[in-house]
$ cat upload-v6.txt   # compact mmCIF, C-alpha atoms and all ligand atoms
# COMPACT_ATOMS: atom_id res chain seq x y z
CA MET A 10 -20.15 18.59 10.09
CA MET A 11 -19.57 14.90 9.76
CA GLU A 12 -22.01 12.20 10.67
CA THR A 13 -21.60 10.28 13.86
CA THR A 14 -20.94 6.55 13.69
CA TYR A 15 -21.86 4.50 16.74
CA SER A 16 -23.06 1.00 16.07
CA ASN A 17 -21.71 -0.12 12.78
CA PRO A 18 -22.24 -3.54 11.18
CA LEU A 19 -20.41 -2.30 8.06
CA LEU A 20 -17.32 -1.52 10.12
CA ASP A 21 -17.57 -4.87 11.92
CA ASP A 22 -17.61 -6.67 8.59
CA ILE A 23 -14.64 -4.68 7.26
CA LEU A 24 -12.63 -5.31 10.42
CA GLU A 25 -13.38 -9.01 10.26
CA ARG A 26 -11.96 -9.17 6.76
CA SER A 27 -8.99 -6.94 7.65
CA ALA A 28 -8.16 -8.97 10.77
CA ALA A 29 -8.35 -12.18 8.76
CA LEU A 30 -5.40 -10.94 6.72
CA HIS A 31 -3.35 -10.58 9.91
CA ARG A 32 -4.83 -13.01 12.40
CA HIS A 33 -5.21 -10.02 14.67
CA LEU A 34 -7.07 -6.76 14.94
CA CYS A 35 -5.25 -3.60 15.97
CA PRO A 36 -5.96 0.12 16.26
CA ARG A 37 -4.32 0.99 12.96
CA GLN A 38 -6.52 -1.39 11.03
CA VAL A 39 -9.52 0.29 12.61
CA LEU A 40 -8.19 3.72 11.65
CA GLY A 41 -7.67 2.56 8.08
CA ALA A 42 -11.15 1.09 7.93
CA ARG A 43 -12.74 4.22 9.39
CA MET A 44 -10.86 6.40 6.88
CA GLY A 45 -12.03 4.22 4.00
CA ILE A 46 -15.66 4.38 5.11
CA LEU A 47 -15.49 8.15 5.53
CA ALA A 48 -13.87 8.54 2.11
CA GLY A 49 -16.71 6.60 0.51
CA ARG A 50 -19.23 8.89 2.14
CA LEU A 51 -17.41 12.10 1.24
CA LEU A 52 -16.86 11.06 -2.36
CA GLY A 53 -20.31 9.52 -2.70
CA LEU A 54 -18.94 6.13 -3.71
CA GLU A 55 -20.25 2.75 -2.70
CA LEU A 56 -17.41 0.87 -1.05
CA PRO A 57 -15.78 -1.60 -1.01
CA GLN A 58 -15.67 -1.13 -4.73
CA THR A 59 -15.73 -3.95 -7.25
CA ASN A 60 -14.36 -1.73 -10.01
CA LYS A 61 -11.28 0.51 -10.17
CA ARG A 62 -12.90 3.91 -9.81
CA LEU A 63 -11.37 4.77 -6.44
CA LEU A 64 -7.59 5.07 -6.22
CA THR A 65 -6.06 5.27 -2.78
CA PHE A 66 -2.65 6.55 -1.75
CA VAL A 67 -1.66 5.20 1.66
CA GLU A 68 1.19 7.01 3.38
CA THR A 69 2.50 4.00 5.25
CA ASP A 70 2.44 0.25 4.82
CA GLY A 71 1.49 -2.26 7.50
CA CYS A 72 -1.80 -3.01 9.23
CA PHE A 73 -3.23 0.41 8.43
CA ALA A 74 -3.06 -0.27 4.70
CA ASP A 75 -5.05 -3.48 5.08
CA GLY A 76 -7.76 -1.69 7.02
CA VAL A 77 -7.98 0.80 4.15
CA GLY A 78 -7.99 -2.03 1.61
CA ALA A 79 -10.75 -3.98 3.35
CA ALA A 80 -12.93 -0.87 3.55
CA THR A 81 -12.38 0.41 0.04
CA GLY A 82 -11.59 -2.62 -2.09
CA CYS A 83 -8.39 -0.83 -3.15
CA TRP A 84 -5.41 -3.17 -3.33
CA LEU A 85 -1.90 -3.06 -4.64
CA GLY A 86 -2.74 -6.13 -6.71
CA ARG A 87 -5.62 -4.33 -8.40
CA ARG A 88 -3.52 -1.23 -9.07
CA THR A 89 -5.97 0.80 -7.01
CA MET A 90 -3.69 1.33 -4.02
CA ARG A 91 -0.34 3.02 -4.05
CA LEU A 92 2.18 3.42 -1.27
CA ILE A 93 3.62 6.88 -0.67
CA ASP A 94 5.95 5.83 2.11
CA HIS A 95 6.09 8.88 4.34
CA GLY A 96 5.58 6.88 7.50
CA LYS A 97 2.21 8.51 8.18
CA VAL A 98 -1.08 6.96 9.12
CA ALA A 99 -2.92 8.97 6.49
CA ALA A 100 -4.38 8.36 3.06
CA THR A 101 -5.67 10.22 0.05
CA PHE A 102 -8.69 8.86 -1.76
CA VAL A 103 -9.19 9.83 -5.39
CA ASP A 104 -12.33 9.43 -7.45
CA THR A 105 -10.67 8.84 -10.81
CA ARG A 106 -13.88 9.75 -12.66
CA THR A 107 -14.54 13.17 -11.11
CA ARG A 108 -10.89 13.73 -10.06
CA ARG A 109 -12.05 14.77 -6.61
CA ALA A 110 -9.56 13.84 -3.91
CA VAL A 111 -9.80 13.83 -0.15
CA ARG A 112 -6.91 13.34 2.27
CA ILE A 113 -7.80 11.90 5.65
CA ARG A 114 -5.60 11.81 8.74
CA PRO A 115 -6.22 11.05 12.40
CA HIS A 116 -7.51 13.94 14.45
CA PRO A 117 -4.58 15.38 16.47
CA GLN A 118 -6.58 14.83 19.68
CA ALA A 119 -7.81 11.33 18.78
CA ARG A 120 -5.40 9.51 21.09
CA THR A 121 -6.13 11.78 24.02
CA GLU A 122 -9.87 11.54 23.42
CA ALA A 123 -9.83 7.77 23.06
CA ARG A 124 -9.81 7.19 26.82
CA ARG A 125 -13.17 8.91 27.15
CA TYR A 126 -14.74 6.49 24.69
CA ALA A 127 -13.23 3.40 26.29
CA PRO A 128 -12.81 4.23 29.98
CA HIS A 129 -12.70 0.60 31.10
CA ALA A 130 -10.16 -0.67 28.60
CA ARG A 131 -7.39 -2.70 30.24
CA SER A 132 -4.54 -0.90 28.50
CA ARG A 133 -3.94 2.15 26.36
CA TRP A 134 -3.67 -0.09 23.32
CA HIS A 135 -7.06 -1.64 24.06
CA ALA A 136 -8.52 1.81 24.64
CA TYR A 137 -7.42 2.86 21.16
CA LEU A 138 -8.74 -0.37 19.67
CA ASP A 139 -12.16 -0.01 21.27
CA ALA A 140 -12.48 3.76 21.00
CA TYR A 141 -11.51 3.98 17.34
CA ARG A 142 -14.47 1.74 16.54
CA VAL A 143 -17.01 4.03 18.15
CA MET A 144 -15.61 7.56 18.13
CA PRO A 145 -17.55 9.95 15.90
CA ASP A 146 -15.80 10.77 12.65
CA ASP A 147 -15.09 14.35 13.64
CA ALA A 148 -13.39 13.29 16.88
CA LEU A 149 -11.37 10.54 15.23
CA LEU A 150 -10.46 11.93 11.83
CA GLU A 151 -9.76 15.07 9.85
CA ALA A 152 -10.53 15.31 6.16
CA HIS A 153 -9.38 17.86 3.61
CA TRP A 154 -10.19 18.25 -0.05
CA VAL A 155 -6.91 18.22 -1.92
CA GLU A 156 -5.60 18.36 -5.46
CA LEU A 157 -3.20 15.82 -6.83
CA ASN A 158 0.31 17.01 -7.56
CA LEU A 159 0.84 14.28 -10.12
CA ASP A 160 -0.46 13.22 -13.49
CA LEU A 161 -3.22 10.73 -12.80
CA ASP A 162 -3.44 9.50 -16.40
CA ARG A 163 0.29 8.80 -16.47
CA LEU A 164 0.08 7.02 -13.16
CA ILE A 165 -2.77 4.77 -14.23
CA SER A 166 -1.35 4.28 -17.74
CA ARG A 167 -2.87 1.70 -20.09
CA PRO A 168 -2.97 -2.07 -19.91
CA GLY A 169 -1.00 -4.02 -22.48
CA VAL A 170 1.81 -1.54 -23.14
CA ARG A 171 5.24 -3.07 -22.84
CA VAL A 172 8.74 -2.19 -24.00
CA VAL A 173 12.21 -3.58 -23.31
CA CYS A 174 15.03 -1.64 -21.64
CA ASP A 175 17.93 -1.07 -24.03
CA ARG A 176 20.43 -1.55 -21.20
CA CYS A 177 19.29 -4.42 -18.97
CA GLY A 178 16.92 -6.07 -21.42
CA GLU A 179 14.13 -6.32 -18.91
CA GLU A 180 10.51 -5.70 -19.81
CA ILE A 181 8.82 -2.51 -18.64
CA ILE A 182 5.05 -2.21 -18.37
CA ASN A 183 2.68 0.66 -17.57
CA GLU A 184 4.78 3.21 -19.49
CA ARG A 185 7.38 3.48 -16.73
CA GLU A 186 10.22 3.69 -19.26
CA VAL A 187 12.50 6.67 -19.83
CA HIS A 188 13.32 7.88 -23.34
CA ARG A 189 16.79 9.28 -23.80
CA GLU A 190 18.68 10.00 -27.03
CA GLY A 191 16.53 7.63 -29.04
CA GLN A 192 16.91 4.81 -26.53
CA ILE A 193 14.54 3.32 -23.98
CA PHE A 194 15.62 2.66 -20.41
CA CYS A 195 14.02 1.35 -17.25
CA ARG A 196 14.19 3.80 -14.36
CA GLY A 197 16.97 1.87 -12.62
CA CYS A 198 19.15 2.05 -15.73
CA ALA A 199 18.25 5.67 -16.44
CA PHE A 200 18.77 7.00 -12.93
CA GLU A 201 21.49 5.38 -10.79
CA GLY A 202 19.87 6.93 -7.72
CA GLU A 203 16.70 4.94 -8.30
CA ARG A 204 18.48 1.60 -8.45
CA TYR A 205 17.56 -0.05 -5.17
CA VAL A 206 19.65 -3.16 -5.74
CA THR A 207 23.17 -3.42 -7.16
CA MET A 208 23.56 -4.15 -10.84
CA ALA A 209 23.22 -7.89 -11.43
CA THR A 210 26.28 -9.67 -12.83
CA ALA A 211 25.70 -12.90 -14.70
CA ILE A 212 27.33 -15.84 -12.96
CA PRO A 213 29.72 -18.08 -14.92
CA ALA A 214 28.41 -21.61 -15.45
CA GLN A 215 31.17 -23.30 -13.40
CA ASP A 216 30.14 -21.29 -10.33
CA ARG A 217 26.61 -22.64 -10.46
CA SER A 218 27.55 -25.75 -8.51
CA SER A 219 24.92 -27.24 -6.27
CA HIS A 220 27.15 -26.54 -3.24
CA SER A 221 27.29 -22.80 -3.71
CA HIS A 222 24.31 -22.28 -1.41
CA LEU A 223 26.24 -23.94 1.42
CA ARG A 224 29.05 -21.40 1.34
CA GLY A 225 27.30 -18.80 3.40
CA LEU A 226 25.43 -15.82 2.09
CA PRO A 227 25.27 -15.27 -1.62
CA ARG A 228 27.57 -12.55 -2.85
CA PRO A 229 25.92 -9.47 -4.23
CA GLY A 230 25.53 -9.36 -7.96
CA ARG A 231 25.38 -13.13 -8.33
CA VAL A 232 22.50 -15.04 -9.88
CA LEU A 233 21.20 -17.37 -7.22
CA PRO A 234 21.40 -21.05 -8.19
CA LEU A 235 17.68 -21.78 -7.83
CA SER A 236 18.04 -25.51 -8.48
CA ALA A 237 20.30 -25.80 -5.42
CA ALA A 238 17.96 -23.72 -3.34
CA ASP A 239 15.08 -26.13 -3.72
CA SER A 240 16.91 -29.45 -3.78
CA ASP A 241 19.05 -29.77 -0.67
CA GLY A 242 19.86 -33.42 -1.27
CA GLN A 243 21.71 -32.59 -4.49
CA GLN A 244 25.38 -32.74 -3.36
ZN ZN A 301 -1.83 -4.82 13.30
ZN ZN A 302 17.13 -1.40 -17.49
$ encode --input "upload-v6.txt" --output "structure tokens"
Amino acid sequence: MMETTYSNPLLDDILERSAALHRHLCPRQVLGARMGILAGRLLGLELPQTNKRLLTFVETDGCFADGVGAATGCWLGRRTMRLIDHGKVAATFVDTRTRRAVRIRPHPQARTEARRYAPHARSRWHAYLDAYRVMPDDALLEAHWVELNLDLDRLISRPGVRVVCDRCGEEIINEREVHREGQIFCRGCAFEGERYVTMATAIPAQDRSSHSHLRGLPRPGRVLPLSAADSDGQQ
């Protein structure tokens, strides 16, 4: 049985920091914050963390992820948050020391129940916003112990490792390279299906005129003339 959370200065503080990132507060930030707080309790970790012990997988981006970040101290920029973009308001929290992992999702009845916790809210949206702050954990959320289906050590990798792709010449960090027939490739060069932009084509020098940015949208595969982009007066 989970503990009940009613008045909660910790949550207020988290939501203040989360809302500051957006200039607004919304139900999904609250959900993210509540999940982060619950994860800390279930894993026995003091959050928001100042180290990198907790690793969080969020299953959607957007406001939700910032609620999670504010509560846990896990951020993309600290390599402690990863996006698994399944379009779900859910997250898995991993204690990288003990390897324990808990996945938390909204309770299936949370939306229906919300009205009871905020009967005077002026809209459904406001009801969610208010109710999600005060609903007990077991009415708002569901938590399951899970095991990771991926290699945590590989994912985290080691700082300072870098190689260069034999095809595109770009640097690859965090051991994300692919070894094939004695050569090293980045994932985009190794697997066409993973290339999310078209292959860049170097642009001949004569095409780099300062007017090229005025001729409509840049053509794919062209190197953008950056000098033209930031000096409009240069005709
Ligand atoms: Zn929002
Ligand atoms: Zn490459």
$ closest_residue --input "upload-v6.txt" --among "A:Ser27, A:Thr65, A:Thr121, A:Ser132" --to "A:Asp104" --atoms "all atoms listed in the file"
A:Thr65
$ residues_near_ligand --input "upload-v6.txt" --ligand "ligand ZN 301 (chain A)" --cutoff "10 Å" --atoms "all atoms listed in the file" --output "ChimeraX atom specification"
/A:27-28,30-39,71-76
$ write_last_selection --input "upload-v6.txt" --atoms "C-alpha atoms" --output "short mmCIF file (atom, residue, chain, number, x, y, z; two decimals), in the frame of the given file"
data_model
loop_
_atom_site.label_atom_id
_atom_site.label_comp_id
_atom_site.auth_asym_id
_atom_site.auth_seq_id
_atom_site.Cartn_x
_atom_site.Cartn_y
_atom_site.Cartn_z
CA SER A 27 -8.99 -6.94 7.65
CA ALA A 28 -8.16 -8.97 10.77
CA LEU A 30 -5.40 -10.94 6.72
CA HIS A 31 -3.35 -10.58 9.91
CA ARG A 32 -4.83 -13.01 12.40
CA HIS A 33 -5.21 -10.02 14.67
CA LEU A 34 -7.07 -6.76 14.94
CA CYS A 35 -5.25 -3.60 15.97
CA PRO A 36 -5.96 0.12 16.26
CA ARG A 37 -4.32 0.99 12.96
CA GLN A 38 -6.52 -1.39 11.03
CA VAL A 39 -9.52 0.29 12.61
CA GLY A 71 1.49 -2.26 7.50
CA CYS A 72 -1.80 -3.01 9.23
CA PHE A 73 -3.23 0.41 8.43
CA ALA A 74 -3.06 -0.27 4.70
CA ASP A 75 -5.05 -3.48 5.08
CA GLY A 76 -7.76 -1.69 7.02
#
$ residues_near_ligand --input "upload-v6.txt" --ligand "ligand ZN 302 (chain A)" --cutoff "9 Å" --atoms "all atoms listed in the file" --output "JSON list (two decimals) with C-alpha atoms, in the coordinates of the input"
[["chain", "number", "residue", "atom", "x", "y", "z"],
["A", 173, "VAL", "CA", 12.21, -3.58, -23.31],
["A", 174, "CYS", "CA", 15.03, -1.64, -21.64],
["A", 175, "ASP", "CA", 17.93, -1.07, -24.03],
["A", 176, "ARG", "CA", 20.43, -1.55, -21.20],
["A", 177, "CYS", "CA", 19.29, -4.42, -18.97],
["A", 178, "GLY", "CA", 16.92, -6.07, -21.42],
["A", 179, "GLU", "CA", 14.13, -6.32, -18.91],
["A", 180, "GLU", "CA", 10.51, -5.70, -19.81],
["A", 181, "ILE", "CA", 8.82, -2.51, -18.64],
["A", 186, "GLU", "CA", 10.22, 3.69, -19.26],
["A", 193, "ILE", "CA", 14.54, 3.32, -23.98],
["A", 194, "PHE", "CA", 15.62, 2.66, -20.41],
["A", 195, "CYS", "CA", 14.02, 1.35, -17.25],
["A", 196, "ARG", "CA", 14.19, 3.80, -14.36],
["A", 197, "GLY", "CA", 16.97, 1.87, -12.62],
["A", 198, "CYS", "CA", 19.15, 2.05, -15.73],
["A", 199, "ALA", "CA", 18.25, 5.67, -16.44]]
$ residues_around --input "upload-v6.txt" --residues "stretch 155-165 of chain A" --least-positions-apart "4" --cutoff "9 Å" --atoms "all atoms listed in the file" --output "ChimeraX atom specification"
/A:88-89,101,103,105,108-112,183-185
$ atom_distance --input "upload-v6.txt" --atom1 "atom CA of A:Arg106" --atom2 "atom CA of A:Arg171"
25.2 Å
$ atom_distance --input "upload-v6.txt" --atom1 "atom CA of A:Arg120" --atom2 "atom CA of A:Glu68"
19.1 Å
$ atom_distance --input "upload-v6.txt" --atom1 "atom CA of A:Ala148" --atom2 "atom CA of A:Ala127"
13.7 Å
$ residues_around --input "upload-v6.txt" --residues "A:Tyr126" --least-positions-apart "4" --cutoff "10 Å" --atoms "only C-alpha atoms" --output "PDB file with C-alpha atoms, in the frame of the given file"
ATOM      1  CA  GLU A 122      -9.870  11.540  23.420  1.00  0.00           C
ATOM      2  CA  ALA A 130     -10.160  -0.670  28.600  1.00  0.00           C
ATOM      3  CA  ALA A 136      -8.520   1.810  24.640  1.00  0.00           C
ATOM      4  CA  TYR A 137      -7.420   2.860  21.160  1.00  0.00           C
ATOM      5  CA  ASP A 139     -12.160  -0.010  21.270  1.00  0.00           C
ATOM      6  CA  ALA A 140     -12.480   3.760  21.000  1.00  0.00           C
ATOM      7  CA  TYR A 141     -11.510   3.980  17.340  1.00  0.00           C
ATOM      8  CA  ARG A 142     -14.470   1.740  16.540  1.00  0.00           C
ATOM      9  CA  VAL A 143     -17.010   4.030  18.150  1.00  0.00           C
ATOM     10  CA  MET A 144     -15.610   7.560  18.130  1.00  0.00           C
ATOM     11  CA  PRO A 145     -17.550   9.950  15.900  1.00  0.00           C
TER      12      PRO A 145
END
$ residues_around --input "upload-v6.txt" --residues "A:Gly49" --least-positions-apart "5" --cutoff "12 Å" --atoms "only C-alpha atoms" --output "ChimeraX atom specification"
/A:42-44,54-58,62-65,77,80-83,101-104,109-111,113
$ write_last_selection --input "upload-v6.txt" --atoms "C-alpha atoms" --output "PDB file, keeping the file's coordinate frame"
ATOM      1  CA  ALA A  42     -11.150   1.090   7.930  1.00  0.00           C
ATOM      2  CA  ARG A  43     -12.740   4.220   9.390  1.00  0.00           C
ATOM      3  CA  MET A  44     -10.860   6.400   6.880  1.00  0.00           C
ATOM      4  CA  LEU A  54     -18.940   6.130  -3.710  1.00  0.00           C
ATOM      5  CA  GLU A  55     -20.250   2.750  -2.700  1.00  0.00           C
ATOM      6  CA  LEU A  56     -17.410   0.870  -1.050  1.00  0.00           C
ATOM      7  CA  PRO A  57     -15.780  -1.600  -1.010  1.00  0.00           C
ATOM      8  CA  GLN A  58     -15.670  -1.130  -4.730  1.00  0.00           C
ATOM      9  CA  ARG A  62     -12.900   3.910  -9.810  1.00  0.00           C
ATOM     10  CA  LEU A  63     -11.370   4.770  -6.440  1.00  0.00           C
ATOM     11  CA  LEU A  64      -7.590   5.070  -6.220  1.00  0.00           C
ATOM     12  CA  THR A  65      -6.060   5.270  -2.780  1.00  0.00           C
ATOM     13  CA  VAL A  77      -7.980   0.800   4.150  1.00  0.00           C
ATOM     14  CA  ALA A  80     -12.930  -0.870   3.550  1.00  0.00           C
ATOM     15  CA  THR A  81     -12.380   0.410   0.040  1.00  0.00           C
ATOM     16  CA  GLY A  82     -11.590  -2.620  -2.090  1.00  0.00           C
ATOM     17  CA  CYS A  83      -8.390  -0.830  -3.150  1.00  0.00           C
ATOM     18  CA  THR A 101      -5.670  10.220   0.050  1.00  0.00           C
ATOM     19  CA  PHE A 102      -8.690   8.860  -1.760  1.00  0.00           C
ATOM     20  CA  VAL A 103      -9.190   9.830  -5.390  1.00  0.00           C
ATOM     21  CA  ASP A 104     -12.330   9.430  -7.450  1.00  0.00           C
ATOM     22  CA  ARG A 109     -12.050  14.770  -6.610  1.00  0.00           C
ATOM     23  CA  ALA A 110      -9.560  13.840  -3.910  1.00  0.00           C
ATOM     24  CA  VAL A 111      -9.800  13.830  -0.150  1.00  0.00           C
ATOM     25  CA  ILE A 113      -7.800  11.900   5.650  1.00  0.00           C
TER      26      ILE A 113
END
$ residues_around --input "upload-v6.txt" --residues "A:Leu92" --least-positions-apart "6" --cutoff "7 Å" --atoms "only C-alpha atoms" --output "number ranges by chain"
A: 66-70
$ closest_residue --input "upload-v6.txt" --among "A:Arg167, A:Arg125, A:Arg131, A:Arg114" --to "A:Gly45" --atoms "all atoms listed in the file"
A:Arg114
$ axis_aligned_box --input "upload-v6.txt" --around "stretch 118-122 of chain A" --padding-each-side "8 Å" --output "lines of an AutoDock Vina configuration file"
center_x = -7.6
center_y = 12.2
center_z = 21.4
size_x = 20.5
size_y = 21.3
size_z = 21.2
$ residues_around --input "upload-v6.txt" --residues "A:Pro18" --least-positions-apart "4" --cutoff "12 Å" --atoms "all atoms listed in the file" --output "PDB file with C-alpha atoms, in the coordinates of the input"
ATOM      1  CA  THR A  14     -20.940   6.550  13.690  1.00  0.00           C
ATOM      2  CA  ASP A  22     -17.610  -6.670   8.590  1.00  0.00           C
ATOM      3  CA  ILE A  23     -14.640  -4.680   7.260  1.00  0.00           C
ATOM      4  CA  LEU A  24     -12.630  -5.310  10.420  1.00  0.00           C
ATOM      5  CA  GLU A  25     -13.380  -9.010  10.260  1.00  0.00           C
ATOM      6  CA  ILE A  46     -15.660   4.380   5.110  1.00  0.00           C
ATOM      7  CA  ARG A 142     -14.470   1.740  16.540  1.00  0.00           C
ATOM      8  CA  VAL A 143     -17.010   4.030  18.150  1.00  0.00           C
TER       9      VAL A 143
END
$ decode --input "upload-v6.txt" --residues "stretch 21-108 of chain A" --atoms "C-alpha atoms" --output "CSV table (one decimal), in the first residue's frame"
chain,number,residue,atom,x,y,z
A,21,ASP,CA,5.0,22.7,-4.4
A,22,ASP,CA,8.7,23.4,-4.7
A,23,ILE,CA,9.2,20.9,-7.6
A,24,LEU,CA,6.2,22.3,-9.5
A,25,GLU,CA,7.5,25.9,-9.1
A,26,ARG,CA,10.8,24.9,-10.7
A,27,SER,CA,9.0,22.8,-13.4
A,28,ALA,CA,6.6,25.7,-14.2
A,29,ALA,CA,9.5,28.1,-14.4
A,30,LEU,CA,10.8,26.1,-17.4
A,31,HIS,CA,7.5,26.6,-19.2
A,32,ARG,CA,6.0,29.8,-17.8
A,33,HIS,CA,3.0,27.7,-17.0
A,34,LEU,CA,1.9,24.7,-14.9
A,35,CYS,CA,-0.2,21.9,-16.4
A,36,PRO,CA,-1.5,18.5,-15.3
A,37,ARG,CA,1.2,16.6,-17.1
A,38,GLN,CA,4.0,18.4,-15.2
A,39,VAL,CA,2.2,17.5,-12.0
A,40,LEU,CA,2.0,13.9,-13.1
A,41,GLY,CA,5.7,13.8,-13.9
A,42,ALA,CA,6.5,15.4,-10.5
A,43,ARG,CA,4.4,13.0,-8.6
A,44,MET,CA,5.9,10.0,-10.5
A,45,GLY,CA,9.4,11.3,-9.6
A,46,ILE,CA,8.6,11.7,-6.0
A,47,LEU,CA,7.1,8.3,-5.8
A,48,ALA,CA,10.1,6.7,-7.6
A,49,GLY,CA,12.4,8.3,-5.0
A,50,ARG,CA,10.4,6.8,-2.2
A,51,LEU,CA,10.1,3.3,-3.8
A,52,LEU,CA,13.8,3.2,-4.6
A,53,GLY,CA,14.9,4.8,-1.3
A,54,LEU,CA,16.7,7.6,-3.0
A,55,GLU,CA,16.9,11.2,-2.0
A,56,LEU,CA,15.7,13.3,-4.9
A,57,PRO,CA,16.2,15.6,-6.7
A,58,GLN,CA,19.6,14.0,-7.0
A,59,THR,CA,22.9,15.9,-7.3
A,60,ASN,CA,24.7,12.9,-8.6
A,61,LYS,CA,23.9,10.5,-11.5
A,62,ARG,CA,22.7,7.5,-9.6
A,63,LEU,CA,19.1,7.6,-10.8
A,64,LEU,CA,18.5,7.1,-14.6
A,65,THR,CA,15.1,7.9,-15.9
A,66,PHE,CA,13.4,6.8,-19.1
A,67,VAL,CA,10.5,9.0,-20.0
A,68,GLU,CA,8.1,7.6,-22.6
A,69,THR,CA,7.1,11.0,-24.0
A,70,ASP,CA,8.7,14.4,-24.3
A,71,GLY,CA,6.9,17.7,-23.4
A,72,CYS,CA,5.8,19.1,-20.1
A,73,PHE,CA,5.6,15.7,-18.5
A,74,ALA,CA,9.4,15.2,-18.9
A,75,ASP,CA,10.1,18.5,-17.2
A,76,GLY,CA,8.0,17.6,-14.2
A,77,VAL,CA,10.0,14.4,-13.9
A,78,GLY,CA,13.2,16.3,-14.3
A,79,ALA,CA,12.4,18.8,-11.6
A,80,ALA,CA,11.4,16.1,-9.2
A,81,THR,CA,14.3,13.7,-9.8
A,82,GLY,CA,17.2,15.9,-11.0
A,83,CYS,CA,17.4,13.7,-14.1
A,84,TRP,CA,18.1,15.7,-17.3
A,85,LEU,CA,19.0,15.0,-20.8
A,86,GLY,CA,21.9,17.3,-20.4
A,87,ARG,CA,23.3,15.3,-17.4
A,88,ARG,CA,22.8,12.0,-19.3
A,89,THR,CA,20.4,10.8,-16.6
A,90,MET,CA,17.2,11.1,-18.6
A,91,ARG,CA,16.5,9.3,-21.8
A,92,LEU,CA,13.5,9.6,-24.1
A,93,ILE,CA,11.8,6.4,-25.3
A,94,ASP,CA,9.3,8.1,-27.5
A,95,HIS,CA,6.3,5.8,-27.3
A,96,GLY,CA,3.9,8.7,-26.7
A,97,LYS,CA,3.0,7.6,-23.2
A,98,VAL,CA,2.9,9.6,-20.0
A,99,ALA,CA,4.9,7.0,-18.2
A,100,ALA,CA,8.5,6.6,-17.0
A,101,THR,CA,10.9,4.0,-15.7
A,102,PHE,CA,13.3,4.9,-12.9
A,103,VAL,CA,16.5,2.9,-12.5
A,104,ASP,CA,18.8,2.9,-9.6
A,105,THR,CA,22.0,2.3,-11.4
A,106,ARG,CA,23.8,1.1,-8.3
A,107,THR,CA,21.3,-1.6,-7.3
A,108,ARG,CA,19.9,-2.1,-10.8
